[in-house]
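Content type PDB, C-alpha atoms and all ligand atoms, from the file work_2.pdb:
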ATOM      1  CA  MET A   1     146.684 121.674 149.873  1.00  0.00           C
ATOM      2  CA  PRO A   2     144.629 119.224 147.718  1.00  0.00           C
ATOM      3  CA  PRO A   3     143.021 120.647 144.584  1.00  0.00           C
ATOM      4  CA  PRO A   4     139.291 121.471 144.869  1.00  0.00           C
ATOM      5  CA  PRO A   5     136.987 118.653 143.711  1.00  0.00           C
ATOM      6  CA  ALA A   6     136.386 118.703 139.954  1.00  0.00           C
ATOM      7  CA  ARG A   7     133.120 120.401 139.006  1.00  0.00           C
ATOM      8  CA  PRO A   8     130.648 117.965 137.450  1.00  0.00           C
ATOM      9  CA  PRO A   9     130.103 118.617 133.758  1.00  0.00           C
ATOM     10  CA  GLY A  10     127.347 121.125 133.003  1.00  0.00           C
ATOM     11  CA  ARG A  11     124.083 119.823 131.656  1.00  0.00           C
ATOM     12  CA  THR A  12     122.614 121.546 128.633  1.00  0.00           C
ATOM     13  CA  ALA A  13     118.882 121.819 128.039  1.00  0.00           C
ATOM     14  CA  ARG A  14     116.502 123.528 125.645  1.00  0.00           C
ATOM     15  CA  VAL A  15     113.631 125.523 127.093  1.00  0.00           C
ATOM     16  CA  SER A  16     110.609 126.554 125.010  1.00  0.00           C
ATOM     17  CA  ARG A  17     107.700 128.885 125.470  1.00  0.00           C
ATOM     18  CA  CYS A  18     104.868 129.575 123.056  1.00  0.00           C
ATOM     19  CA  LEU A  19     102.392 132.321 122.418  1.00  0.00           C
ATOM     20  CA  SER A  20      99.930 133.292 119.749  1.00  0.00           C
ATOM     21  CA  PHE A  21      99.185 136.576 118.073  1.00  0.00           C
ATOM     22  CA  SER A  22      96.698 137.755 115.478  1.00  0.00           C
ATOM     23  CA  ALA A  23      97.687 139.879 112.526  1.00  0.00           C
ATOM     24  CA  CYS A  24      96.775 140.591 108.935  1.00  0.00           C
ATOM     25  CA  HIS A  25      99.023 140.955 105.926  1.00  0.00           C
ATOM     26  CA  ARG A  26      99.261 140.866 102.157  1.00  0.00           C
ATOM     27  CA  LEU A  27     101.950 139.059 100.209  1.00  0.00           C
ATOM     28  CA  HIS A  28     103.201 141.669  97.746  1.00  0.00           C
ATOM     29  CA  SER A  29     106.727 142.388  96.526  1.00  0.00           C
ATOM     30  CA  LYS A  30     107.733 145.904  95.495  1.00  0.00           C
ATOM     31  CA  SER A  31     110.215 144.310  93.079  1.00  0.00           C
ATOM     32  CA  LEU A  32     107.405 142.811  90.996  1.00  0.00           C
ATOM     33  CA  SER A  33     104.615 144.242  88.831  1.00  0.00           C
ATOM     34  CA  ASP A  34     100.993 143.894  89.954  1.00  0.00           C
ATOM     35  CA  GLU A  35     100.540 141.081  87.433  1.00  0.00           C
ATOM     36  CA  GLU A  36     103.652 139.262  88.639  1.00  0.00           C
ATOM     37  CA  ASN A  37     102.557 139.638  92.257  1.00  0.00           C
ATOM     38  CA  LEU A  38      99.145 138.186  91.492  1.00  0.00           C
ATOM     39  CA  LYS A  39     100.704 135.302  89.584  1.00  0.00           C
ATOM     40  CA  LEU A  40     103.204 134.534  92.363  1.00  0.00           C
ATOM     41  CA  PHE A  41     101.083 135.051  95.478  1.00  0.00           C
ATOM     42  CA  GLY A  42      97.568 134.330  94.149  1.00  0.00           C
ATOM     43  CA  LYS A  43      94.832 134.832  96.764  1.00  0.00           C
ATOM     44  CA  CYS A  44      97.456 135.963  99.298  1.00  0.00           C
ATOM     45  CA  ASN A  45      98.003 139.069  97.122  1.00  0.00           C
ATOM     46  CA  ASN A  46      94.418 140.230  97.741  1.00  0.00           C
ATOM     47  CA  PRO A  47      94.733 144.064  97.972  1.00  0.00           C
ATOM     48  CA  ASN A  48      92.779 144.217 101.235  1.00  0.00           C
ATOM     49  CA  GLY A  49      94.849 141.500 102.872  1.00  0.00           C
ATOM     50  CA  HIS A  50      93.880 138.519 105.001  1.00  0.00           C
ATOM     51  CA  GLY A  51      94.448 137.442 108.600  1.00  0.00           C
ATOM     52  CA  HIS A  52      96.085 134.686 110.614  1.00  0.00           C
ATOM     53  CA  ASN A  53      96.229 133.519 114.196  1.00  0.00           C
ATOM     54  CA  TYR A  54      99.972 132.911 114.314  1.00  0.00           C
ATOM     55  CA  LYS A  55     101.506 130.605 116.897  1.00  0.00           C
ATOM     56  CA  VAL A  56     105.164 131.070 117.858  1.00  0.00           C
ATOM     57  CA  VAL A  57     107.404 128.659 119.771  1.00  0.00           C
ATOM     58  CA  VAL A  58     110.685 130.138 121.012  1.00  0.00           C
ATOM     59  CA  THR A  59     113.467 127.815 122.182  1.00  0.00           C
ATOM     60  CA  VAL A  60     116.457 128.893 124.254  1.00  0.00           C
ATOM     61  CA  ARG A  61     119.449 126.615 124.769  1.00  0.00           C
ATOM     62  CA  GLY A  62     122.030 126.739 127.515  1.00  0.00           C
ATOM     63  CA  GLU A  63     123.605 125.192 130.548  1.00  0.00           C
ATOM     64  CA  ILE A  64     121.400 124.489 133.539  1.00  0.00           C
ATOM     65  CA  ASP A  65     122.660 126.873 136.202  1.00  0.00           C
ATOM     66  CA  PRO A  66     123.522 124.696 139.228  1.00  0.00           C
ATOM     67  CA  THR A  67     122.236 127.292 141.668  1.00  0.00           C
ATOM     68  CA  SER A  68     118.915 128.252 140.042  1.00  0.00           C
ATOM     69  CA  GLY A  69     118.312 124.956 138.243  1.00  0.00           C
ATOM     70  CA  MET A  70     117.332 127.006 135.192  1.00  0.00           C
ATOM     71  CA  VAL A  71     118.634 127.636 131.686  1.00  0.00           C
ATOM     72  CA  ILE A  72     116.596 130.832 131.701  1.00  0.00           C
ATOM     73  CA  ASN A  73     113.872 132.033 134.021  1.00  0.00           C
ATOM     74  CA  LEU A  74     110.663 131.468 132.021  1.00  0.00           C
ATOM     75  CA  THR A  75     109.222 134.581 133.631  1.00  0.00           C
ATOM     76  CA  ASP A  76     111.997 136.590 131.963  1.00  0.00           C
ATOM     77  CA  LEU A  77     111.468 134.787 128.642  1.00  0.00           C
ATOM     78  CA  LYS A  78     107.758 135.599 128.845  1.00  0.00           C
ATOM     79  CA  GLU A  79     108.597 139.295 129.239  1.00  0.00           C
ATOM     80  CA  TYR A  80     111.076 139.277 126.331  1.00  0.00           C
ATOM     81  CA  MET A  81     108.488 137.567 124.092  1.00  0.00           C
ATOM     82  CA  GLN A  82     105.876 140.113 125.096  1.00  0.00           C
ATOM     83  CA  GLU A  83     108.215 142.953 124.086  1.00  0.00           C
ATOM     84  CA  ALA A  84     109.686 141.323 120.985  1.00  0.00           C
ATOM     85  CA  ILE A  85     106.558 139.677 119.542  1.00  0.00           C
ATOM     86  CA  MET A  86     103.252 140.699 121.108  1.00  0.00           C
ATOM     87  CA  GLU A  87     103.811 144.434 121.367  1.00  0.00           C
ATOM     88  CA  PRO A  88     104.997 144.969 117.787  1.00  0.00           C
ATOM     89  CA  LEU A  89     102.850 142.334 116.020  1.00  0.00           C
ATOM     90  CA  ASP A  90      99.614 141.480 117.848  1.00  0.00           C
ATOM     91  CA  HIS A  91      96.473 142.926 116.237  1.00  0.00           C
ATOM     92  CA  LYS A  92      98.608 144.699 113.654  1.00  0.00           C
ATOM     93  CA  ASN A  93      98.651 144.999 109.902  1.00  0.00           C
ATOM     94  CA  LEU A  94     102.180 143.630 109.418  1.00  0.00           C
ATOM     95  CA  ASP A  95     102.821 145.522 106.191  1.00  0.00           C
ATOM     96  CA  LYS A  96     101.523 148.889 107.355  1.00  0.00           C
ATOM     97  CA  ASP A  97     102.149 148.947 111.109  1.00  0.00           C
ATOM     98  CA  VAL A  98     105.565 147.280 111.311  1.00  0.00           C
ATOM     99  CA  ALA A  99     108.341 149.321 109.683  1.00  0.00           C
ATOM    100  CA  TYR A 100     110.453 146.188 109.069  1.00  0.00           C
ATOM    101  CA  PHE A 101     107.873 144.910 106.566  1.00  0.00           C
ATOM    102  CA  ALA A 102     107.642 148.123 104.557  1.00  0.00           C
ATOM    103  CA  ASP A 103     110.151 146.650 102.083  1.00  0.00           C
ATOM    104  CA  VAL A 104     110.288 143.018 103.243  1.00  0.00           C
ATOM    105  CA  VAL A 105     107.515 140.629 102.124  1.00  0.00           C
ATOM    106  CA  SER A 106     105.586 139.484 105.199  1.00  0.00           C
ATOM    107  CA  THR A 107     105.955 135.754 104.575  1.00  0.00           C
ATOM    108  CA  THR A 108     106.172 133.457 107.566  1.00  0.00           C
ATOM    109  CA  GLU A 109     109.892 133.009 106.811  1.00  0.00           C
ATOM    110  CA  ASN A 110     110.418 136.746 107.218  1.00  0.00           C
ATOM    111  CA  VAL A 111     108.160 136.919 110.285  1.00  0.00           C
ATOM    112  CA  ALA A 112     110.390 134.240 111.867  1.00  0.00           C
ATOM    113  CA  VAL A 113     113.550 136.220 111.023  1.00  0.00           C
ATOM    114  CA  TYR A 114     111.993 139.415 112.410  1.00  0.00           C
ATOM    115  CA  ILE A 115     111.121 137.647 115.673  1.00  0.00           C
ATOM    116  CA  TRP A 116     114.615 136.114 115.873  1.00  0.00           C
ATOM    117  CA  GLU A 117     116.318 139.493 115.457  1.00  0.00           C
ATOM    118  CA  ASN A 118     114.025 141.191 117.945  1.00  0.00           C
ATOM    119  CA  LEU A 119     114.479 138.484 120.575  1.00  0.00           C
ATOM    120  CA  GLN A 120     118.217 138.147 120.125  1.00  0.00           C
ATOM    121  CA  LYS A 121     118.685 141.741 121.300  1.00  0.00           C
ATOM    122  CA  ARG A 122     117.101 140.847 124.637  1.00  0.00           C
ATOM    123  CA  LEU A 123     118.461 137.386 125.392  1.00  0.00           C
ATOM    124  CA  PRO A 124     121.928 136.472 126.708  1.00  0.00           C
ATOM    125  CA  ALA A 125     124.389 136.032 123.813  1.00  0.00           C
ATOM    126  CA  ARG A 126     124.182 132.775 121.835  1.00  0.00           C
ATOM    127  CA  THR A 127     121.241 131.354 123.824  1.00  0.00           C
ATOM    128  CA  LEU A 128     118.478 131.775 121.237  1.00  0.00           C
ATOM    129  CA  TYR A 129     118.189 128.360 119.556  1.00  0.00           C
ATOM    130  CA  LYS A 130     115.024 128.249 117.473  1.00  0.00           C
ATOM    131  CA  VAL A 131     112.014 130.295 116.431  1.00  0.00           C
ATOM    132  CA  LYS A 132     109.117 128.247 115.047  1.00  0.00           C
ATOM    133  CA  VAL A 133     106.181 130.107 113.530  1.00  0.00           C
ATOM    134  CA  TYR A 134     102.856 128.492 112.655  1.00  0.00           C
ATOM    135  CA  GLU A 135     101.069 130.717 110.166  1.00  0.00           C
ATOM    136  CA  THR A 136      98.314 128.110 110.104  1.00  0.00           C
ATOM    137  CA  ASP A 137      98.208 124.589 111.518  1.00  0.00           C
ATOM    138  CA  GLN A 138      99.554 123.436 108.139  1.00  0.00           C
ATOM    139  CA  ASN A 139     102.078 126.187 107.273  1.00  0.00           C
ATOM    140  CA  ILE A 140     105.094 126.144 109.588  1.00  0.00           C
ATOM    141  CA  VAL A 141     108.522 127.829 109.429  1.00  0.00           C
ATOM    142  CA  VAL A 142     111.575 127.158 111.598  1.00  0.00           C
ATOM    143  CA  TYR A 143     114.424 129.684 111.785  1.00  0.00           C
ATOM    144  CA  LYS A 144     117.601 128.943 113.723  1.00  0.00           C
ATOM    145  CA  GLY A 145     119.740 131.921 112.758  1.00  0.00           C
ATOM    146  CA  GLU A 146     122.455 131.602 110.177  1.00  0.00           C
ATOM    147  CA  GLU A 147     123.825 128.223 111.175  1.00  0.00           C
ATOM    148  CA  THR A 148     127.601 127.909 110.912  1.00  0.00           C
ATOM    149  CA  THR A 149     127.951 124.701 112.923  1.00  0.00           C
ATOM    150  CA  PRO A 150     126.239 121.331 112.426  1.00  0.00           C
ATOM    151  CA  GLU A 151     122.884 120.898 114.179  1.00  0.00           C
ATOM    152  CA  LYS A 152     123.174 120.029 117.867  1.00  0.00           C
TER     153      LYS A 152
HETATM  154  N1  LIG B 201     106.807 130.018 101.609  1.00  0.00           N
HETATM  155  C1  LIG B 201     105.655 130.630 101.931  1.00  0.00           C
HETATM  156  N2  LIG B 201     104.584 130.481 101.137  1.00  0.00           N
HETATM  157  C2  LIG B 201     103.431 131.086 101.462  1.00  0.00           C
HETATM  158  C3  LIG B 201     103.318 131.856 102.617  1.00  0.00           C
HETATM  159  C4  LIG B 201     104.484 132.010 103.427  1.00  0.00           C
HETATM  160  O1  LIG B 201     104.460 132.695 104.449  1.00  0.00           O
HETATM  161  N3  LIG B 201     105.605 131.375 103.058  1.00  0.00           N
HETATM  162  N4  LIG B 201     102.142 132.424 102.939  1.00  0.00           N
HETATM  163  C5  LIG B 201     101.073 132.312 102.203  1.00  0.00           C
HETATM  164  C6  LIG B 201      99.831 133.052 102.592  1.00  0.00           C
HETATM  165  O2  LIG B 201     100.094 133.944 103.640  1.00  0.00           O
HETATM  166  C7  LIG B 201      98.566 132.286 102.871  1.00  0.00           C
HETATM  167  O3  LIG B 201      97.841 132.848 103.942  1.00  0.00           O
HETATM  168  C8  LIG B 201      98.654 130.851 103.094  1.00  0.00           C
HETATM  169  O4  LIG B 201      97.621 130.346 102.325  1.00  0.00           O
HETATM  170  P1  LIG B 201      97.209 128.816 102.293  1.00  0.00           P
HETATM  171  O5  LIG B 201      98.336 127.944 101.945  1.00  0.00           O
HETATM  172  O6  LIG B 201      96.046 128.768 101.443  1.00  0.00           O
HETATM  173  O7  LIG B 201      96.898 128.578 103.818  1.00  0.00           O
HETATM  174  P2  LIG B 201      95.912 127.624 104.495  1.00  0.00           P
HETATM  175  O8  LIG B 201      96.710 126.558 105.135  1.00  0.00           O
HETATM  176  O9  LIG B 201      95.061 128.407 105.389  1.00  0.00           O
HETATM  177  O10 LIG B 201      95.043 127.087 103.309  1.00  0.00           O
HETATM  178  P3  LIG B 201      94.294 125.726 103.119  1.00  0.00           P
HETATM  179  O11 LIG B 201      93.699 125.902 101.778  1.00  0.00           O
HETATM  180  O12 LIG B 201      93.305 125.638 104.230  1.00  0.00           O
HETATM  181  O13 LIG B 201      95.318 124.638 103.175  1.00  0.00           O
HETATM  182  C9  LIG B 201     101.108 131.545 100.957  1.00  0.00           C
HETATM  183  N5  LIG B 201     102.361 130.953 100.669  1.00  0.00           N
HETATM  184 ZN    ZN B 202      98.851 134.879 104.900  1.00  0.00          ZN
END
Starting from the coordinates I provided, produce the structure as structure tokens.
Ligand SMILES: Nc1nc2c(c(=O)[nH]1)N=C([C@H](O)[C@H](O)COP(=O)(O)OP(=O)(O)OP(=O)(O)O)CN2
Ligand SMILES: [Zn+2]
Amino acid sequence: MPPPPARPPGRTARVSRCLSFSACHRLHSKSLSDEENLKLFGKCNNPNGHGHNYKVVVTVRGEIDPTSGMVINLTDLKEYMQEAIMEPLDHKNLDKDVAYFADVVSTTENVAVYIWENLQKRLPARTLYKVKVYETDQNIVVYKGEETTPEK
């Protein structure tokens, strides 16, 4: 009996979806005095906070399934992003409404890490590739997990 034909090599692709959410926050570290906070964070330490219309781009990487033609069904990704980003963060005061930020400064870096951790719980293992957060059009953070291998 001849061996079955060799399977063609899998093709890998990256799939992205974006959304935006609105939230307010104050940059303030519990490890610093009021004076130190003001010096470090300036206007962003305003006691009554300030707001942003954040934009988030989530990228998932994986093999294109030969049957579905998909890396991930974007309808599923949309649902995961709704649960992991919109529900906890949209129209919230990040520091007061989101327990994670009670002791973690709500910088865009930490917002990206929060989103990464929340999404990773929902996605198939090792498929989350990149979380990019635009705090403003000018202020942008990329988080790709704790990278142990060179960038692919
Ligand atoms: N490393 C980081 N630095 C700062 C962050 C951050 O998340 N990570 N965040 C802020 C503030 O939240 C602030 O809202 C940003 O202020 P600013 O730079 O002034 O933002 P704009 O782009 O809107 O200001 P322009 O003056 O229009 O350029 C500060 N630092
Ligand atoms: Zn801000």
Let me have all residues with an atom within 9 Å of ligand ZN 202 (chain B), counting all atoms listed in the file, laid out as a tab-separated table (two decimals) with C-alpha atoms, keeping the file's coordinate frame.
chain	number	residue	atom	x	y	z
A	24	CYS	CA	96.78	140.59	108.94
A	25	HIS	CA	99.02	140.96	105.93
A	26	ARG	CA	99.26	140.87	102.16
A	27	LEU	CA	101.95	139.06	100.21
A	44	CYS	CA	97.46	135.96	99.30
A	45	ASN	CA	98.00	139.07	97.12
A	49	GLY	CA	94.85	141.50	102.87
A	50	HIS	CA	93.88	138.52	105.00
A	51	GLY	CA	94.45	137.44	108.60
A	52	HIS	CA	96.08	134.69	110.61
A	106	SER	CA	105.59	139.48	105.20
A	107	THR	CA	105.96	135.75	104.58
A	108	THR	CA	106.17	133.46	107.57
A	135	GLU	CA	101.07	130.72	110.17
A	136	THR	CA	98.31	128.11	110.10
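Between atom CA of Tyr114 of chain A and atom CA of Ser29 of chain A there is a distance of 17.0 Å.
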Mind listing as JSON, numbers by chain all residues within 7 Å of (121.8, 129.2, 126.4), counting only C-alpha atoms?
{"A": [60, 61, 62, 63, 71, 126, 127, 128]}
Evaluate the PyMOL selection byres (((chain A and resi 145) around 10) and not hetatm) and report residues as a PyMOL selection string:
chain A and resi 112-113+116-117+120+128-131+142-144+146-148
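Atom CA of Leu119 of chain A is found 20.3 Å from atom CA of Ile64 of chain A.
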Can you sort out the box for ligand LIG 201 (chain B), edges along x, y and z, all listed atoms in, 8 Å on every side, with centre and edge lengths in Å to one decimal, as lines of an AutoDock Vina configuration file?
center_x = 100.1
center_y = 129.3
center_z = 103.0
size_x = 29.5
size_y = 25.3
size_z = 20.7
So which one's closest to ligand LIG 201 (chain B), A:Asp137, A:Lys55, A:Pro47, A:Pro3? Using only C-alpha atoms and all ligand atoms, please.
A:Asp137
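For the residues A:Val105, A:Met70, A:Ile85, A:Leu123, ranking by smallest atom-to-atom distance to ligand LIG 201 (chain B) using all atoms listed in the file places A:Val105 first.
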Counting all atoms listed in the file, the residue among A:Cys18, A:Met1, A:Tyr54, A:Leu74 that lies closest to Gln138 of chain A is A:Tyr54
Residue contacts of segment 90-95 of chain A (6 Å, all atoms listed in the file) excluding same-chain residues fewer than 6 positions away, as number ranges by chain:
A: 21-25, 101-102
Can you fill out segment 38-49 of chain A with all heavy atoms and hand it back as an mmCIF file, in the frame of the given file?
data_model
loop_
_atom_site.group_PDB
_atom_site.id
_atom_site.type_symbol
_atom_site.label_atom_id
_atom_site.label_comp_id
_atom_site.auth_asym_id
_atom_site.auth_seq_id
_atom_site.Cartn_x
_atom_site.Cartn_y
_atom_site.Cartn_z
ATOM 1 N N LEU A 38 100.365 139.003 91.477
ATOM 2 C CA LEU A 38 99.145 138.186 91.492
ATOM 3 C C LEU A 38 99.463 136.746 91.080
ATOM 4 O O LEU A 38 98.970 135.785 91.680
ATOM 5 C CB LEU A 38 98.094 138.820 90.578
ATOM 6 C CG LEU A 38 96.719 138.157 90.596
ATOM 7 C CD1 LEU A 38 96.110 138.159 91.996
ATOM 8 C CD2 LEU A 38 95.769 138.879 89.621
ATOM 9 N N LYS A 39 100.344 136.641 90.076
ATOM 10 C CA LYS A 39 100.704 135.302 89.584
ATOM 11 C C LYS A 39 101.455 134.522 90.678
ATOM 12 O O LYS A 39 101.198 133.344 90.908
ATOM 13 C CB LYS A 39 101.574 135.453 88.335
ATOM 14 C CG LYS A 39 101.848 134.154 87.650
ATOM 15 C CD LYS A 39 102.449 134.369 86.263
ATOM 16 C CE LYS A 39 102.750 133.024 85.628
ATOM 17 N NZ LYS A 39 104.100 132.884 85.191
ATOM 18 N N LEU A 40 102.378 135.209 91.357
ATOM 19 C CA LEU A 40 103.204 134.534 92.363
ATOM 20 C C LEU A 40 102.419 134.215 93.642
ATOM 21 O O LEU A 40 102.499 133.107 94.183
ATOM 22 C CB LEU A 40 104.420 135.415 92.708
ATOM 23 C CG LEU A 40 105.363 134.893 93.790
ATOM 24 C CD1 LEU A 40 106.002 133.558 93.368
ATOM 25 C CD2 LEU A 40 106.462 135.910 94.082
ATOM 26 N N PHE A 41 101.682 135.199 94.145
ATOM 27 C CA PHE A 41 101.083 135.051 95.478
ATOM 28 C C PHE A 41 99.602 134.658 95.450
ATOM 29 O O PHE A 41 99.040 134.317 96.499
ATOM 30 C CB PHE A 41 101.263 136.341 96.292
ATOM 31 C CG PHE A 41 102.704 136.694 96.554
ATOM 32 C CD1 PHE A 41 103.243 137.903 96.123
ATOM 33 C CD2 PHE A 41 103.534 135.813 97.238
ATOM 34 C CE1 PHE A 41 104.563 138.239 96.375
ATOM 35 C CE2 PHE A 41 104.865 136.133 97.487
ATOM 36 C CZ PHE A 41 105.381 137.345 97.051
ATOM 37 N N GLY A 42 98.965 134.756 94.269
ATOM 38 C CA GLY A 42 97.568 134.330 94.149
ATOM 39 C C GLY A 42 96.656 135.038 95.132
ATOM 40 O O GLY A 42 96.737 136.253 95.314
ATOM 41 N N LYS A 43 95.816 134.247 95.841
ATOM 42 C CA LYS A 43 94.832 134.832 96.764
ATOM 43 C C LYS A 43 95.507 135.606 97.897
ATOM 44 O O LYS A 43 94.902 136.504 98.488
ATOM 45 C CB LYS A 43 93.923 133.743 97.339
ATOM 46 C CG LYS A 43 94.643 132.747 98.231
ATOM 47 C CD LYS A 43 93.715 131.697 98.830
ATOM 48 C CE LYS A 43 94.499 130.741 99.720
ATOM 49 N NZ LYS A 43 93.703 129.708 100.343
ATOM 50 N N CYS A 44 96.753 135.285 98.193
ATOM 51 C CA CYS A 44 97.456 135.963 99.298
ATOM 52 C C CYS A 44 97.906 137.365 98.900
ATOM 53 O O CYS A 44 98.445 138.109 99.727
ATOM 54 C CB CYS A 44 98.655 135.141 99.746
ATOM 55 S SG CYS A 44 98.178 133.476 100.209
ATOM 56 N N ASN A 45 97.699 137.722 97.619
ATOM 57 C CA ASN A 45 98.003 139.069 97.122
ATOM 58 C C ASN A 45 96.755 139.958 97.131
ATOM 59 O O ASN A 45 96.808 141.128 96.712
ATOM 60 C CB ASN A 45 98.602 138.954 95.706
ATOM 61 C CG ASN A 45 99.029 140.274 95.116
ATOM 62 O OD1 ASN A 45 98.504 140.721 94.087
ATOM 63 N ND2 ASN A 45 99.977 140.928 95.754
ATOM 64 N N ASN A 46 95.660 139.441 97.643
ATOM 65 C CA ASN A 46 94.418 140.230 97.741
ATOM 66 C C ASN A 46 94.722 141.629 98.289
ATOM 67 O O ASN A 46 95.301 141.753 99.375
ATOM 68 C CB ASN A 46 93.438 139.489 98.676
ATOM 69 C CG ASN A 46 92.222 140.323 98.988
ATOM 70 O OD1 ASN A 46 91.686 140.991 98.114
ATOM 71 N ND2 ASN A 46 91.789 140.284 100.241
ATOM 72 N N PRO A 47 94.349 142.707 97.561
ATOM 73 C CA PRO A 47 94.733 144.064 97.972
ATOM 74 C C PRO A 47 94.320 144.431 99.396
ATOM 75 O O PRO A 47 95.004 145.195 100.065
ATOM 76 C CB PRO A 47 94.014 144.964 96.956
ATOM 77 C CG PRO A 47 93.817 144.091 95.766
ATOM 78 C CD PRO A 47 93.643 142.691 96.274
ATOM 79 N N ASN A 48 93.219 143.875 99.871
ATOM 80 C CA ASN A 48 92.779 144.217 101.235
ATOM 81 C C ASN A 48 93.309 143.261 102.302
ATOM 82 O O ASN A 48 92.927 143.359 103.464
ATOM 83 C CB ASN A 48 91.248 144.289 101.292
ATOM 84 C CG ASN A 48 90.730 145.464 100.476
ATOM 85 O OD1 ASN A 48 91.359 146.526 100.449
ATOM 86 N ND2 ASN A 48 89.639 145.269 99.768
ATOM 87 N N GLY A 49 94.183 142.364 101.907
ATOM 88 C CA GLY A 49 94.849 141.500 102.872
ATOM 89 C C GLY A 49 93.994 140.357 103.390
ATOM 90 O O GLY A 49 92.870 140.133 102.939
#
